[in-house]
file model.cif (mmCIF, C-alpha atoms)
data_work
loop_
_atom_site.label_atom_id
_atom_site.label_comp_id
_atom_site.auth_asym_id
_atom_site.auth_seq_id
_atom_site.Cartn_x
_atom_site.Cartn_y
_atom_site.Cartn_z
CA MET A 1 -26.33 -34.07 -105.20
CA GLU A 2 -23.60 -36.40 -106.40
CA HIS A 3 -21.07 -34.31 -104.45
CA ILE A 4 -22.76 -34.88 -101.09
CA THR A 5 -20.42 -36.84 -98.84
CA LEU A 6 -21.45 -39.32 -96.17
CA LEU A 7 -20.88 -36.77 -93.41
CA ILE A 8 -23.00 -34.13 -95.15
CA GLY A 9 -25.68 -36.76 -95.66
CA ILE A 10 -25.62 -37.49 -91.92
CA VAL A 11 -25.94 -33.77 -91.21
CA ILE A 12 -28.94 -33.50 -93.56
CA VAL A 13 -30.69 -36.45 -91.92
CA THR A 14 -29.98 -35.04 -88.45
CA ALA A 15 -31.33 -31.65 -89.52
CA LEU A 16 -34.55 -33.31 -90.69
CA VAL A 17 -34.80 -35.16 -87.36
CA PHE A 18 -34.52 -31.79 -85.60
CA ASP A 19 -37.21 -30.44 -87.92
CA PHE A 20 -39.42 -33.37 -86.94
CA THR A 21 -38.93 -32.66 -83.22
CA ASN A 22 -39.59 -28.99 -83.93
CA GLY A 23 -42.91 -29.99 -85.45
CA PHE A 24 -44.30 -31.97 -82.53
CA HIS A 25 -42.66 -29.65 -80.00
CA ASP A 26 -44.44 -26.63 -81.49
CA THR A 27 -47.83 -28.11 -82.41
CA ALA A 28 -49.16 -26.46 -79.26
CA ASN A 29 -48.38 -23.01 -80.66
CA ALA A 30 -51.21 -23.19 -83.16
CA MET A 31 -53.58 -25.75 -81.70
CA ALA A 32 -53.44 -25.73 -77.89
CA THR A 33 -56.16 -23.12 -77.40
CA THR A 34 -58.30 -24.54 -80.21
CA ILE A 35 -58.19 -28.01 -78.65
CA SER A 36 -58.73 -26.82 -75.08
CA THR A 37 -61.90 -24.87 -75.98
CA GLY A 38 -63.28 -27.72 -78.08
CA ALA A 39 -63.29 -25.75 -81.34
CA LEU A 40 -61.66 -28.73 -83.07
CA ARG A 41 -61.12 -32.34 -82.15
CA PRO A 42 -57.46 -33.05 -81.26
CA ARG A 43 -56.68 -35.25 -84.28
CA THR A 44 -58.43 -32.91 -86.70
CA ALA A 45 -56.56 -29.94 -85.27
CA VAL A 46 -53.09 -31.44 -85.66
CA ALA A 47 -53.87 -32.71 -89.16
CA MET A 48 -54.92 -29.24 -90.29
CA SER A 49 -51.85 -27.71 -88.68
CA ALA A 50 -49.56 -30.22 -90.41
CA VAL A 51 -50.91 -29.41 -93.87
CA LEU A 52 -50.60 -25.65 -93.32
CA ASN A 53 -47.06 -26.02 -91.95
CA LEU A 54 -46.13 -27.72 -95.20
CA VAL A 55 -47.73 -24.98 -97.28
CA GLY A 56 -46.06 -22.26 -95.22
CA ALA A 57 -42.62 -23.74 -95.83
CA PHE A 58 -42.87 -22.68 -99.50
CA LEU A 59 -43.88 -19.06 -98.88
CA SER A 60 -40.55 -17.47 -97.91
CA VAL A 61 -36.82 -18.08 -97.49
CA GLU A 62 -35.83 -14.93 -95.59
CA VAL A 63 -35.40 -16.71 -92.24
CA ALA A 64 -33.42 -19.50 -93.94
CA LYS A 65 -30.96 -16.87 -95.20
CA THR A 66 -30.60 -15.56 -91.65
CA ILE A 67 -29.64 -19.03 -90.43
CA SER A 68 -27.35 -19.98 -93.32
CA GLY A 69 -25.41 -16.74 -93.54
CA GLY A 70 -26.48 -14.37 -90.80
CA ILE A 71 -25.65 -15.84 -87.39
CA ILE A 72 -22.76 -18.15 -88.29
CA ASP A 73 -19.91 -17.01 -90.53
CA GLU A 74 -20.01 -19.59 -93.30
CA GLY A 75 -16.51 -18.57 -94.41
CA ALA A 76 -14.83 -18.99 -91.01
CA GLY A 77 -13.90 -22.63 -91.49
CA ILE A 78 -17.16 -24.19 -90.32
CA ARG A 79 -17.10 -27.92 -91.06
CA PRO A 80 -20.10 -30.26 -91.41
CA GLU A 81 -19.30 -32.00 -88.11
CA VAL A 82 -19.73 -28.65 -86.33
CA ILE A 83 -23.25 -28.33 -87.70
CA PHE A 84 -23.92 -31.95 -86.75
CA ALA A 85 -22.87 -31.27 -83.15
CA GLY A 86 -25.08 -28.18 -83.02
CA LEU A 87 -28.08 -30.16 -84.20
CA VAL A 88 -27.50 -32.88 -81.60
CA GLY A 89 -27.50 -30.25 -78.84
CA ALA A 90 -30.75 -28.76 -80.15
CA ILE A 91 -32.49 -32.15 -80.44
CA VAL A 92 -31.53 -33.25 -76.92
CA TRP A 93 -32.83 -30.01 -75.38
CA ASN A 94 -36.04 -30.18 -77.43
CA LEU A 95 -36.78 -33.66 -76.16
CA LEU A 96 -35.95 -32.82 -72.54
CA THR A 97 -38.34 -29.86 -72.50
CA TRP A 98 -40.98 -31.91 -74.31
CA LEU A 99 -40.74 -34.58 -71.60
CA ALA A 100 -41.26 -31.88 -68.97
CA GLY A 101 -44.20 -30.44 -70.94
CA LEU A 102 -42.51 -27.03 -71.15
CA PRO A 103 -43.07 -24.96 -74.31
CA SER A 104 -39.47 -23.87 -74.75
CA SER A 105 -38.10 -22.46 -77.97
CA SER A 106 -36.96 -24.91 -80.64
CA SER A 107 -35.50 -21.94 -82.49
CA HIS A 108 -33.30 -20.90 -79.59
CA ALA A 109 -32.26 -24.51 -79.06
CA LEU A 110 -31.03 -24.53 -82.65
CA PHE A 111 -29.29 -21.17 -82.31
CA GLY A 112 -27.67 -22.20 -79.03
CA GLY A 113 -26.50 -25.48 -80.51
CA LEU A 114 -24.93 -23.85 -83.56
CA ILE A 115 -23.31 -21.08 -81.51
CA GLY A 116 -21.92 -23.46 -78.88
CA ALA A 117 -20.47 -25.84 -81.46
CA THR A 118 -18.96 -22.97 -83.46
CA LEU A 119 -17.32 -21.38 -80.42
CA VAL A 120 -15.58 -24.64 -79.53
CA SER A 121 -14.52 -25.53 -83.08
CA VAL A 122 -13.70 -22.15 -84.62
CA GLY A 123 -13.76 -19.48 -81.95
CA THR A 124 -15.61 -16.24 -81.41
CA HIS A 125 -14.86 -14.96 -84.91
CA GLY A 126 -17.12 -17.67 -86.32
CA VAL A 127 -20.23 -16.08 -84.76
CA HIS A 128 -21.74 -12.79 -85.91
CA GLY A 129 -22.38 -11.26 -82.52
CA GLU A 130 -24.31 -8.29 -83.85
CA ALA A 131 -26.70 -10.56 -85.77
CA VAL A 132 -27.23 -12.70 -82.67
CA VAL A 133 -28.19 -9.62 -80.64
CA MET A 134 -30.35 -7.93 -83.27
CA LYS A 135 -32.09 -10.94 -84.81
CA VAL A 136 -32.22 -13.40 -81.90
CA LEU A 137 -31.86 -11.89 -78.43
CA ILE A 138 -33.84 -8.66 -78.88
CA PRO A 139 -36.76 -10.41 -80.61
CA ALA A 140 -36.66 -13.09 -77.90
CA VAL A 141 -37.37 -10.46 -75.25
CA ALA A 142 -39.65 -8.17 -77.25
CA ALA A 143 -41.82 -10.65 -79.15
CA PRO A 144 -43.61 -12.36 -76.21
CA ILE A 145 -44.18 -8.99 -74.52
CA VAL A 146 -45.60 -7.42 -77.69
CA ALA A 147 -47.76 -10.47 -78.42
CA GLY A 148 -48.95 -10.63 -74.81
CA LEU A 149 -49.94 -6.97 -74.72
CA ALA A 150 -51.72 -7.29 -78.06
CA ALA A 151 -53.61 -10.38 -76.89
CA MET A 152 -54.56 -8.71 -73.60
CA ALA A 153 -55.93 -5.64 -75.40
CA ALA A 154 -57.75 -7.78 -77.96
CA THR A 155 -59.28 -9.95 -75.23
CA ARG A 156 -60.59 -6.95 -73.33
CA LEU A 157 -61.99 -5.49 -76.53
CA THR A 158 -63.77 -8.70 -77.52
CA TYR A 159 -65.43 -9.05 -74.13
CA ARG A 160 -66.45 -5.39 -74.13
CA LEU A 161 -68.01 -5.66 -77.59
CA THR A 162 -69.99 -8.77 -76.65
CA ARG A 163 -70.91 -7.95 -73.06
CA ASN A 164 -74.63 -7.64 -73.90
CA ARG A 165 -74.79 -10.70 -76.13
CA ASP A 166 -75.72 -14.25 -75.23
CA GLU A 167 -72.56 -16.07 -74.18
CA ALA A 168 -73.48 -19.34 -75.91
CA ASP A 169 -74.10 -17.59 -79.24
CA THR A 170 -70.86 -15.63 -79.14
CA ALA A 171 -68.91 -18.75 -78.14
CA LYS A 172 -69.98 -20.46 -81.37
CA GLY A 173 -68.77 -17.54 -83.43
CA TYR A 174 -65.47 -17.32 -81.61
CA ARG A 175 -64.87 -21.05 -82.02
CA ALA A 176 -65.22 -20.57 -85.78
CA GLY A 177 -62.84 -17.64 -85.53
CA GLN A 178 -60.41 -19.79 -83.57
CA ILE A 179 -60.25 -22.31 -86.40
CA ALA A 180 -59.38 -19.54 -88.86
CA SER A 181 -56.80 -17.95 -86.55
CA ALA A 182 -55.25 -21.35 -85.74
CA ALA A 183 -54.89 -21.99 -89.45
CA LEU A 184 -53.12 -18.65 -89.79
CA VAL A 185 -50.73 -19.49 -86.93
CA SER A 186 -49.93 -22.85 -88.53
CA LEU A 187 -49.21 -21.18 -91.84
CA ALA A 188 -47.01 -18.61 -90.11
CA HIS A 189 -45.21 -21.37 -88.19
CA GLY A 190 -44.32 -23.06 -91.47
CA THR A 191 -42.93 -19.85 -92.90
CA ASN A 192 -40.74 -19.32 -89.84
CA ASP A 193 -39.70 -22.59 -88.25
CA ALA A 194 -39.44 -24.83 -91.31
CA GLN A 195 -37.06 -22.28 -92.79
CA LYS A 196 -34.65 -22.72 -89.91
CA THR A 197 -33.98 -26.30 -90.93
CA MET A 198 -33.69 -25.18 -94.56
CA GLY A 199 -31.03 -22.72 -93.45
CA VAL A 200 -29.10 -25.39 -91.54
CA ILE A 201 -29.12 -27.81 -94.47
CA THR A 202 -28.10 -25.00 -96.84
CA LEU A 203 -25.27 -24.08 -94.48
CA ALA A 204 -24.08 -27.70 -94.51
CA LEU A 205 -24.20 -27.74 -98.32
CA ILE A 206 -22.20 -24.49 -98.44
CA THR A 207 -19.53 -25.80 -96.05
CA GLY A 208 -19.25 -28.96 -98.19
CA GLY A 209 -18.89 -26.96 -101.40
CA VAL A 210 -22.14 -28.35 -102.86
CA VAL A 211 -23.77 -24.94 -103.36
CA ALA A 212 -22.32 -21.45 -103.63
CA PRO A 213 -22.11 -19.15 -100.61
CA HIS A 214 -25.21 -17.01 -99.94
CA ALA A 215 -27.30 -19.27 -102.17
CA ASP A 216 -31.02 -19.78 -101.59
CA PRO A 217 -32.13 -23.21 -100.36
CA PRO A 218 -32.65 -25.67 -103.26
CA LEU A 219 -36.20 -26.81 -103.92
CA TRP A 220 -35.55 -30.32 -102.58
CA VAL A 221 -34.34 -28.79 -99.32
CA ILE A 222 -37.52 -26.71 -98.99
CA ALA A 223 -39.73 -29.72 -99.73
CA SER A 224 -37.95 -32.10 -97.34
CA ALA A 225 -37.93 -29.57 -94.50
CA GLY A 226 -41.62 -28.86 -95.01
CA LEU A 227 -42.51 -32.56 -94.99
CA ALA A 228 -40.45 -33.25 -91.85
CA ILE A 229 -42.04 -30.47 -89.80
CA ALA A 230 -45.50 -31.43 -91.09
CA LEU A 231 -45.05 -35.06 -90.01
CA GLY A 232 -43.86 -34.01 -86.55
CA THR A 233 -46.82 -31.64 -86.25
CA TYR A 234 -49.29 -34.39 -87.14
CA LEU A 235 -47.96 -36.68 -84.42
CA GLY A 236 -48.72 -33.92 -81.94
CA GLY A 237 -46.72 -32.75 -78.93
CA TRP A 238 -49.55 -33.59 -76.57
CA ARG A 239 -47.63 -32.86 -73.37
CA ILE A 240 -46.95 -29.26 -74.40
CA ILE A 241 -50.47 -28.87 -75.80
CA ARG A 242 -51.80 -29.74 -72.33
CA THR A 243 -49.52 -27.16 -70.68
CA MET A 244 -50.43 -24.33 -73.05
CA GLY A 245 -54.12 -25.20 -73.26
CA LYS A 246 -54.77 -25.96 -69.59
CA GLY A 247 -51.67 -25.18 -67.53
CA ILE A 248 -51.17 -21.43 -68.07
CA THR A 249 -54.75 -20.18 -67.85
CA ASP A 250 -58.32 -21.37 -68.39
CA ILE A 251 -59.07 -20.31 -71.93
CA GLN A 252 -62.51 -19.38 -73.25
CA PRO A 253 -63.24 -19.10 -77.00
CA PRO A 254 -62.91 -15.26 -77.15
CA GLN A 255 -59.52 -15.50 -75.44
CA GLY A 256 -58.35 -18.24 -77.78
CA PHE A 257 -59.33 -16.21 -80.82
CA ALA A 258 -57.58 -13.06 -79.53
CA ALA A 259 -54.42 -14.95 -78.53
CA GLN A 260 -54.03 -16.77 -81.85
CA THR A 261 -54.76 -13.73 -83.99
CA GLY A 262 -52.16 -11.64 -82.18
CA ALA A 263 -49.59 -14.42 -82.37
CA ALA A 264 -50.14 -14.99 -86.09
CA ALA A 265 -49.72 -11.29 -86.89
CA THR A 266 -46.47 -11.14 -84.89
CA ILE A 267 -45.00 -14.28 -86.51
CA LEU A 268 -45.87 -13.28 -90.07
CA ALA A 269 -44.39 -9.81 -89.58
CA SER A 270 -41.15 -11.28 -88.22
CA SER A 271 -40.90 -13.75 -91.11
CA HIS A 272 -41.24 -10.90 -93.59
CA LEU A 273 -38.43 -9.01 -91.82
CA GLY A 274 -36.20 -12.08 -91.51
CA PHE A 275 -36.33 -12.22 -87.72
CA ALA A 276 -35.93 -15.84 -86.62
CA LEU A 277 -37.96 -15.41 -83.46
CA SER A 278 -39.43 -18.15 -81.33
CA THR A 279 -43.01 -18.96 -82.27
CA THR A 280 -43.29 -20.74 -78.92
CA GLN A 281 -42.49 -17.60 -76.98
CA VAL A 282 -44.88 -15.53 -79.10
CA CYS A 283 -47.79 -17.94 -78.64
CA SER A 284 -47.09 -18.47 -74.94
CA GLY A 285 -46.97 -14.72 -74.40
CA SER A 286 -50.29 -14.38 -76.22
CA VAL A 287 -51.91 -17.02 -74.01
CA MET A 288 -50.72 -15.26 -70.86
CA GLY A 289 -51.96 -11.93 -72.23
CA SER A 290 -55.38 -13.42 -72.93
CA GLY A 291 -55.55 -14.65 -69.34
CA LEU A 292 -54.79 -11.17 -68.03
CA GLY A 293 -57.26 -9.59 -70.44
CA ARG A 294 -60.34 -11.47 -69.23
CA LYS A 295 -62.04 -10.13 -66.12
CA GLY A 296 -61.72 -12.82 -63.50
CA GLY A 297 -59.12 -14.66 -65.56
CA VAL A 298 -56.25 -16.29 -63.70
CA VAL A 299 -52.71 -16.85 -64.94
CA ARG A 300 -50.93 -19.71 -63.20
CA TRP A 301 -47.69 -17.91 -62.52
CA SER A 302 -45.90 -20.99 -61.19
CA THR A 303 -46.28 -22.66 -64.58
CA ALA A 304 -45.44 -19.41 -66.37
CA GLY A 305 -42.34 -19.01 -64.21
CA ARG A 306 -41.06 -22.50 -65.05
CA MET A 307 -41.71 -21.77 -68.70
CA VAL A 308 -39.79 -18.48 -68.65
CA LEU A 309 -36.94 -20.19 -66.80
CA ALA A 310 -36.78 -22.78 -69.59
CA TRP A 311 -36.65 -19.96 -72.14
CA GLY A 312 -33.66 -18.44 -70.38
CA LEU A 313 -31.84 -21.77 -70.14
CA THR A 314 -32.44 -22.86 -73.72
CA LEU A 315 -29.60 -21.00 -75.47
CA PRO A 316 -26.85 -21.82 -72.92
CA ALA A 317 -28.05 -25.38 -72.24
CA ALA A 318 -28.30 -26.39 -75.89
CA GLY A 319 -25.01 -24.59 -76.50
CA ALA A 320 -23.29 -26.53 -73.71
CA VAL A 321 -24.49 -29.89 -75.05
CA ALA A 322 -23.44 -28.92 -78.58
CA ALA A 323 -20.05 -27.69 -77.38
CA GLY A 324 -19.32 -31.08 -75.81
CA ALA A 325 -20.53 -32.83 -78.95
CA ALA A 326 -18.36 -30.58 -81.14
CA PHE A 327 -15.27 -31.31 -79.06
CA LEU A 328 -15.88 -35.05 -79.38
CA ALA A 329 -16.75 -34.86 -83.09
CA GLY A 330 -13.55 -32.91 -83.73
CA GLN A 331 -11.48 -35.96 -82.77
CA GLY A 332 -12.21 -37.66 -86.09
CA ASP A 333 -14.59 -40.21 -87.52
CA TRP A 334 -14.76 -42.17 -84.28
CA GLY A 335 -15.77 -38.97 -82.48
CA VAL A 336 -18.63 -38.34 -84.91
CA ALA A 337 -19.79 -41.93 -84.43
CA ALA A 338 -19.59 -41.56 -80.65
CA VAL A 339 -21.70 -38.40 -80.77
CA ALA A 340 -24.29 -40.20 -82.89
CA VAL A 341 -24.44 -43.19 -80.52
CA LEU A 342 -24.65 -41.01 -77.40
CA GLY A 343 -27.34 -38.84 -78.98
CA LEU A 344 -29.43 -41.85 -79.92
CA GLY A 345 -29.03 -43.30 -76.43
CA ILE A 346 -30.16 -40.09 -74.72
CA CYS A 347 -33.14 -39.70 -77.04
CA GLY A 348 -34.14 -43.32 -76.45
CA ALA A 349 -33.95 -42.86 -72.68
CA ILE A 350 -36.16 -39.75 -72.87
CA TRP A 351 -38.72 -41.58 -74.99
CA ALA A 352 -38.76 -44.51 -72.54
CA ALA A 353 -39.32 -42.10 -69.64
CA SER A 354 -42.26 -40.50 -71.48
CA ARG A 355 -44.02 -43.89 -71.69
CA ARG A 356 -44.42 -44.05 -67.91
CA LYS A 357 -47.17 -41.41 -67.98
CA PRO A 358 -48.20 -41.09 -71.63
CA VAL A 359 -50.18 -38.09 -72.86
CA ASP A 360 -52.03 -38.34 -76.17
CA HIS A 361 -55.16 -37.09 -77.94
CA THR A 362 -57.39 -39.10 -75.58
CA ASN A 363 -56.31 -37.34 -72.37
CA VAL A 364 -54.76 -34.08 -73.53
CA ASN A 365 -57.63 -32.00 -72.12
CA GLU A 366 -57.62 -33.65 -68.72
CA GLY A 367 -56.76 -31.07 -66.10
CA PRO A 368 -55.31 -31.79 -62.64
CA ALA A 369 -57.66 -33.36 -60.13
CA ALA A 370 -59.51 -30.92 -57.89
CA GLU A 371 -58.30 -32.71 -54.79
CA PRO A 372 -55.70 -35.43 -54.35
CA VAL A 373 -56.76 -38.91 -53.43
CA GLY A 374 -56.95 -39.31 -49.68
CA VAL A 375 -58.64 -36.02 -48.75
CA VAL A 376 -61.84 -37.79 -47.65
CA THR A 377 -61.71 -38.41 -43.92
CA ALA A 378 -61.57 -41.76 -42.23
CA ALA A 379 -64.41 -40.70 -39.94
CA LEU A 380 -66.69 -39.96 -42.89
CA ARG A 381 -65.84 -43.27 -44.49
CA ALA A 382 -66.73 -45.04 -41.24
CA VAL A 383 -69.99 -43.12 -40.89
CA SER A 384 -70.98 -43.30 -44.55
CA PRO A 385 -70.01 -46.64 -46.08
CA PRO A 386 -71.10 -46.99 -49.71
CA PRO A 387 -74.13 -49.06 -50.72
CA ALA A 388 -73.42 -52.67 -51.54
CA GLY A 389 -71.65 -53.18 -54.83
CA GLN A 390 -70.47 -49.55 -55.19
CA PRO A 391 -66.90 -48.35 -54.59
CA ALA A 392 -66.18 -45.69 -52.02
CA PRO A 393 -65.61 -42.20 -53.47
CA ALA A 394 -61.92 -41.47 -53.10
CA ASP A 395 -61.70 -37.87 -54.30
CA THR A 396 -64.68 -36.01 -52.76
CA PRO A 397 -63.65 -33.44 -50.14
CA ALA A 398 -65.39 -33.89 -46.82
CA ALA A 399 -66.28 -30.20 -46.74
CA ASP A 400 -68.40 -30.66 -49.86
CA VAL A 401 -70.65 -33.37 -48.31
CA PRO A 402 -73.91 -31.90 -46.93
CA VAL A 403 -74.87 -32.86 -43.39
CA THR A 404 -78.24 -34.17 -44.58
CA ASP A 405 -76.52 -36.53 -47.02
CA ALA A 406 -74.29 -37.85 -44.26
CA ALA A 407 -77.32 -38.42 -42.04
CA ALA A 408 -79.17 -40.26 -44.78
CA THR A 409 -76.17 -42.49 -45.30
CA VAL A 410 -76.09 -43.26 -41.56
CA ALA A 411 -79.69 -44.44 -41.76
CA ASP A 412 -78.70 -47.05 -44.34
CA ALA A 413 -75.60 -48.16 -42.48
CA PRO A 414 -75.59 -51.49 -40.60
CA ASP A 415 -76.32 -51.27 -36.89
CA THR A 416 -74.21 -52.88 -34.21
CA ALA A 417 -76.04 -56.16 -34.64
CA GLY A 418 -75.27 -56.24 -38.33
CA ILE A 419 -78.96 -55.86 -39.29
CA PRO A 420 -80.00 -52.91 -41.50
CA ALA A 421 -82.21 -50.42 -39.70
CA GLN A 422 -85.11 -50.83 -42.14
CA ALA A 423 -85.03 -54.64 -41.85
CA SER A 424 -85.12 -54.57 -38.05
CA GLY A 425 -88.66 -53.23 -38.01
CA ALA A 426 -87.65 -49.89 -36.59
CA ASP A 427 -89.63 -46.82 -37.54
CA THR A 428 -87.70 -45.23 -40.40
CA SER A 429 -90.22 -42.53 -41.25
CA THR A 430 -88.13 -40.05 -39.27
CA PRO A 431 -84.41 -40.19 -40.03
CA PRO A 432 -82.11 -40.42 -37.04
CA ALA A 433 -80.39 -37.26 -35.90
CA PRO A 434 -77.21 -36.52 -37.78
CA ARG A 435 -73.95 -37.17 -36.06
CA PRO A 436 -71.89 -34.17 -35.01
CA ARG A 437 -69.87 -32.45 -37.75
CA ALA A 438 -66.73 -33.17 -35.75
CA ALA A 439 -66.89 -36.67 -37.13
CA THR A 440 -65.72 -35.44 -40.52
CA VAL A 441 -62.48 -33.77 -39.52
CA SER A 442 -60.01 -34.23 -42.35
CA ARG A 443 -56.99 -36.38 -41.97
#
call {"tool": "encode", "arguments": {"input": "model.cif", "output": "structure tokens"}}
result
Amino acid sequence: MEHITLLIGIVIVTALVFDFTNGFHDTANAMATTISTGALRPRTAVAMSAVLNLVGAFLSVEVAKTISGGIIDEGAGIRPEVIFAGLVGAIVWNLLTWLAGLPSSSSHALFGGLIGATLVSVGTHGVHGEAVVMKVLIPAVAAPIVAGLAAMAATRLTYRLTRNRDEADTAKGYRAGQIASAALVSLAHGTNDAQKTMGVITLALITGGVVAPHADPPLWVIASAGLAIALGTYLGGWRIIRTMGKGITDIQPPQGFAAQTGAAATILASSHLGFALSTTQVCSGSVMGSGLGRKGGVVRWSTAGRMVLAWGLTLPAAGAVAAGAAFLAGQGDWGVAAVAVLGLGICGAIWAASRRKPVDHTNVNEGPAAEPVGVVTAALRAVSPPPAGQPAPADTPAADVPVTDAAATVADAPDTAGIPAQASGADTSTPPAPRPRAATVSR
């Protein structure tokens, strides 16, 4: 390590920062369904996922080889500042999609960043187009479809097998199964996503002449990448967990178990084959498939559409940011410093924006309100003022208020003289006739 220059050191640190963002960006992949169904408490879930991400980082290096020598031509004159620019593009896109709560692909952000920076700095000959198509683009399209179909079939099968069983009893069993399947997804995530950072760091070491071309990642690289993604996972990407757990479909324990099992099998198979696919796309596809597989299940296609749009934008958007960063970094040391300052400024602004409406483990399972504030009519408020010392209900639809309740409230309301009806000596054994329903016309 005595040959590592300052620039390579900066690249290594930036790669670990990306790995950290990858961790909290992708926590939802393993734990969103487990948290939403109540199988595990939020903090317990992310802690378990973090440990298994770390363990998974040591299981394989096939994906790391794909990154370090498969997509980018390490002998085409790639310099460390090119890798640095690619990482900046990936980090910025990761944080933007995290702020929006969209489960986009950290993997494709990294690929897009590296490709965009390489195209600007070296040219098209620096990118292995065939590897990009075979190991990135085709899996990006096929993996969520395959995982979604598998989850849909598994969901239908689980409900068919348990259709004559007590729902409460089967839910307990499926929650236990969810914990096991979530652990498997976390382990698979470590074997796939942590390796991507290992590959980037190894590529930087190769371009700096620290290690030989086509070398495996050194042990310290594996350990540092595993620790970075585990720390990010433990902090939890609560915004994306809310989207995947509550925003795509309403998940029941059998669906969660089917979705996670199908996703884990897909991710582990791809890691064995060296396909650097997006675990986010696989898990999101599984969640949508589980929603389609349950009778009466509903997939919120508006959320799914925004998510798919983000998938399509990830490669070009991260590539565009990285291309601009590579052009600036290519101007010399001052350019590298400018990229670092601009990157830190953008990341700080995104973090500040996230503090306006924070999402954490205390409110991650809160869904959208059934009705917006202000649906209750002014007429109903006038007819049915609350008892003394109690606030007026602000979110109860007028259509949900029974007529008898409204009439009872009228009986307790002050009369025109300001004296309660019961205190005036009036006969209250028979409640007054209810006012016409027209009084509760919504605003």
call {"tool": "closest_atom_pairs", "arguments": {"input": "model.cif", "of": "region 129-234 of chain A", "to": "region 48-56 of chain A", "cutoff": "8 Å", "atoms": "all atoms listed in the file", "output": "CSV"}}
result
residue,atom,partner,partner_atom,distance
A:Ala182,CA,A:Ser49,CA,7.8
A:Ala183,CA,A:Ser49,CA,6.5
A:Ser186,CA,A:Ser49,CA,5.2
A:Leu187,CA,A:Gly56,CA,4.7
A:Ala188,CA,A:Gly56,CA,6.4
A:His189,CA,A:Asn53,CA,6.3
A:Gly190,CA,A:Asn53,CA,4.1
A:Thr191,CA,A:Gly56,CA,4.6
A:Ala194,CA,A:Asn53,CA,7.7
A:Gly226,CA,A:Leu54,CA,4.7
A:Leu227,CA,A:Leu54,CA,6.0
A:Ile229,CA,A:Asn53,CA,7.0
A:Ala230,CA,A:Ala50,CA,4.3
A:Leu231,CA,A:Ala50,CA,6.6
A:Gly232,CA,A:Ala50,CA,7.9
A:Thr233,CA,A:Ala50,CA,5.2
A:Tyr234,CA,A:Ala50,CA,5.3
call {"tool": "residues_near_point", "arguments": {"input": "model.cif", "point": "(-23.6, -18.0, -80.8)", "cutoff": "9 Å", "atoms": "only C-alpha atoms", "output": "list in words"}}
result
Ile71, Ile72, Phe111, Gly112, Gly113, Leu114, Ile115, Gly116, Ala117, Thr118, Leu119, Thr124, Gly126, Val127, His128, Gly129, Val132, Leu315 and Gly319 of chain A
call {"tool": "atom_distance", "arguments": {"input": "model.cif", "atom1": "CA of Ala143 (chain A)", "atom2": "CA of Ala263 (chain A)"}}
result
9.2 Å
call {"tool": "atom_distance", "arguments": {"input": "model.cif", "atom1": "CA of Pro254 (chain A)", "atom2": "CA of Tyr174 (chain A)"}}
result
5.5 Å
call {"tool": "resolve_selection", "arguments": {"input": "model.cif", "expression": "the PyMOL selection byres ((chain A and resi 79-88) around 7)", "output": "PyMOL selection string"}}
result
chain A and resi 7-8+11+14-15+18+77-78+89-92+110+113-114+117-118+121+204+207-208+322+325-326+329+343
call {"tool": "atom_distance", "arguments": {"input": "model.cif", "atom1": "CA of Thr303 (chain A)", "atom2": "CA of Arg242 (chain A)"}}
result
11.9 Å
call {"tool": "resolve_selection", "arguments": {"input": "model.cif", "expression": "the PyMOL selection byres ((chain A and resi 25-39) around 7)", "output": "ChimeraX atom specification"}}
result
/A:21-24,40-42,45-46,98,175,178-179,182,185-186,233,236-237,240-241,244-246,251-253,256,279-280,283,365
call {"tool": "closest_residue", "arguments": {"input": "model.cif", "among": "A:Gln195, A:Ser181, A:Asn94, A:Thr162", "to": "Val221 (chain A)", "atoms": "all atoms listed in the file"}}
result
A:Gln195
call {"tool": "closest_residue", "arguments": {"input": "model.cif", "among": "A:Trp238, A:Phe257, A:Trp301, A:Trp311", "to": "Ser104 (chain A)", "atoms": "all atoms listed in the file"}}
result
A:Trp311
call {"tool": "residues_around", "arguments": {"input": "model.cif", "residues": "Arg239 (chain A)", "least_positions_apart": "6", "cutoff": "8 Å", "atoms": "only C-alpha atoms", "output": "list in words"}}
result
Trp98, Leu99, Ala100, Gly101, Val359, Asp360 and Val364 of chain A
call {"tool": "resolve_selection", "arguments": {"input": "model.cif", "expression": "the PyMOL selection byres ((chain A and resi 346-355) around 8)", "output": "list in words"}}
result
Val92, Leu95, Leu96, Leu99, Leu342, Gly343, Leu344, Gly345, Arg356, Lys357 and Pro358 of chain A
call {"tool": "closest_residue", "arguments": {"input": "model.cif", "among": "A:Ser290, A:Ser107, A:Gln331, A:Ser224", "to": "Asn192 (chain A)", "atoms": "all atoms listed in the file"}}
result
A:Ser107
